[in-house]
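> Structure incoming, see below.
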Amino acid sequence: MDLATIIGFLAAFGIVAAGILMGGPMGMFVNGASIFIVVAGSLAVVLMRSSLGDFIGAAALAGKAFANKVDKPEDLIEKVVELATIARKDGMIALESQEVSNEFLNKGMGMLVDGQDGAAIKSALSTEASMAIRRAKAGGAIFESWGDFAPAMGMIGTLVGLVQMLANMGDPKSIGPAMAVALLTTLYGAVIANMVAFPIMQKLEQRSEADAINNELVIKSLIFISEGGNPRVMEGMLFSYLSPKVRAKLESAA
């Protein structure tokens, strides 16, 4: 689980809820018409600008922002050095019995076991990495659009509520519900955009960039292993993917 995403999400909504409760009952901030206009309306517009596949796939990508963590480059380096040592000592076939949690590395390791050369491995995995980036960008674009459209639908709801209120000024009982629609739709649009859609979009962008770095690291490692290179030389080469602080720590421990 990605604790930063989960804690930040819960804390943001908790802070807003606490602020609401300090000023009055929570029920006054719940309005069915406002929720319908903003949530259903904004999602309908996002669907209109997207393909059905991208729209459905965005939900799965959002789940990854909460459920999965990106592997640390230093952990991947440790693993590929271990695999390179085994391959150099016992041959590629010995890699078949090794357990690897990273799916991208696991696929490449399977190609090594099957006897494919470095060029074939690079071509196949580079294509897969490129497609993963495209899927992440498509998902991020969905949430970016949702963040743009939700406040706009909130403004539409506000205008609807104002029209209803002005059209029924002679009936005092209708003014309150109409004003609630007018104000709460704007609130809901702002909440969806700034507390849901944009943070998820930015998280997907960060994860995509981190995955791209890790995938590049894996591809270079597998090519090096396929050529029978020295594992320690490979380790030093891969240290360039680490932050200066982590790199200095590992180099001092070596």
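As shown in the structure tokens, the chain order sets the letters A, B, ...; within each chain, residues go from 1, and ligands are also counted from 1 in the order they appear.
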Using only C-alpha atoms, which residues sit within 10 Å of Ser51 in chain A once same-chain residues fewer than 6 positions away are excluded, as a ChimeraX atom specification?

/A:57,138,142

> Using only C-alpha atoms, determine which residues lie at most 6 Å from range 24-36 of chain A, disregarding the query and same-chain residues fewer than 4 positions distant; provide the list as a list in words.

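Answer for this query is Ala40, Val181 and Thr185 of chain A.
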
> List every residue of range 42-86 of chain A that DSSP, applied to the backbone, labels as alpha helix (DSSP H), and write the result as JSON, numbers by chain.

{"A": [42, 43, 44, 45, 46, 47, 48, 52, 53, 54, 55, 56, 57, 58, 59, 60, 61, 62, 63, 64, 65, 66, 67, 73, 74, 75, 76, 77, 78, 79, 80, 81, 82, 83, 84, 85, 86]}

> Excluding same-chain residues fewer than 3 positions from Gly110 in chain A, what lies within 12 Å of it counting only C-alpha atoms, as a compact mmCIF listing (two decimals) with C-alpha atoms, in the first residue's frame?


```txt
# COMPACT_ATOMS: atom_id res chain seq x y z
CA LEU A 83 20.86 -12.41 -10.72
CA MET A 92 21.21 -18.48 -17.60
CA ILE A 93 19.11 -21.56 -16.92
CA ALA A 94 19.80 -21.14 -13.20
CA LEU A 95 17.73 -17.95 -13.24
CA GLU A 96 14.59 -20.01 -13.80
CA SER A 97 14.40 -20.94 -10.12
CA GLN A 98 14.78 -17.35 -8.89
CA GLU A 99 11.78 -15.48 -7.51
CA VAL A 100 11.38 -11.88 -8.67
CA GLU A 103 6.93 -8.01 -13.15
CA PHE A 104 9.03 -6.14 -15.70
CA LEU A 105 12.26 -7.72 -14.45
CA ASN A 106 10.59 -11.11 -14.23
CA LYS A 107 9.56 -10.95 -17.88
CA VAL A 113 16.31 -18.12 -19.66
CA ASP A 114 14.80 -18.70 -23.12
CA GLY A 115 18.13 -17.75 -24.69
CA GLN A 116 17.17 -14.46 -26.31
CA ASP A 117 19.98 -12.01 -26.95
CA ILE A 121 15.32 -8.23 -24.95
CA LEU A 125 10.97 -4.53 -23.13
CA LEU A 222 19.47 -7.54 -18.59
CA SER A 226 23.10 -11.39 -21.52
```

> Which neighbours of Ile6 in chain A fall inside 12 Å, counting only C-alpha atoms, when residues of the same chain fewer than 6 positions from it are skipped, and could you give them as an NGL selection string?

:A and (12-14 or 62-69 or 196 or 199-200 or 203)

> Between CA of Ile225 in chain A and CA of Lys249 in chain A, what is the distance, to one decimal in Å?

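Going from CA of Ile225 in chain A over to CA of Lys249 in chain A, I get 24.8 Å.
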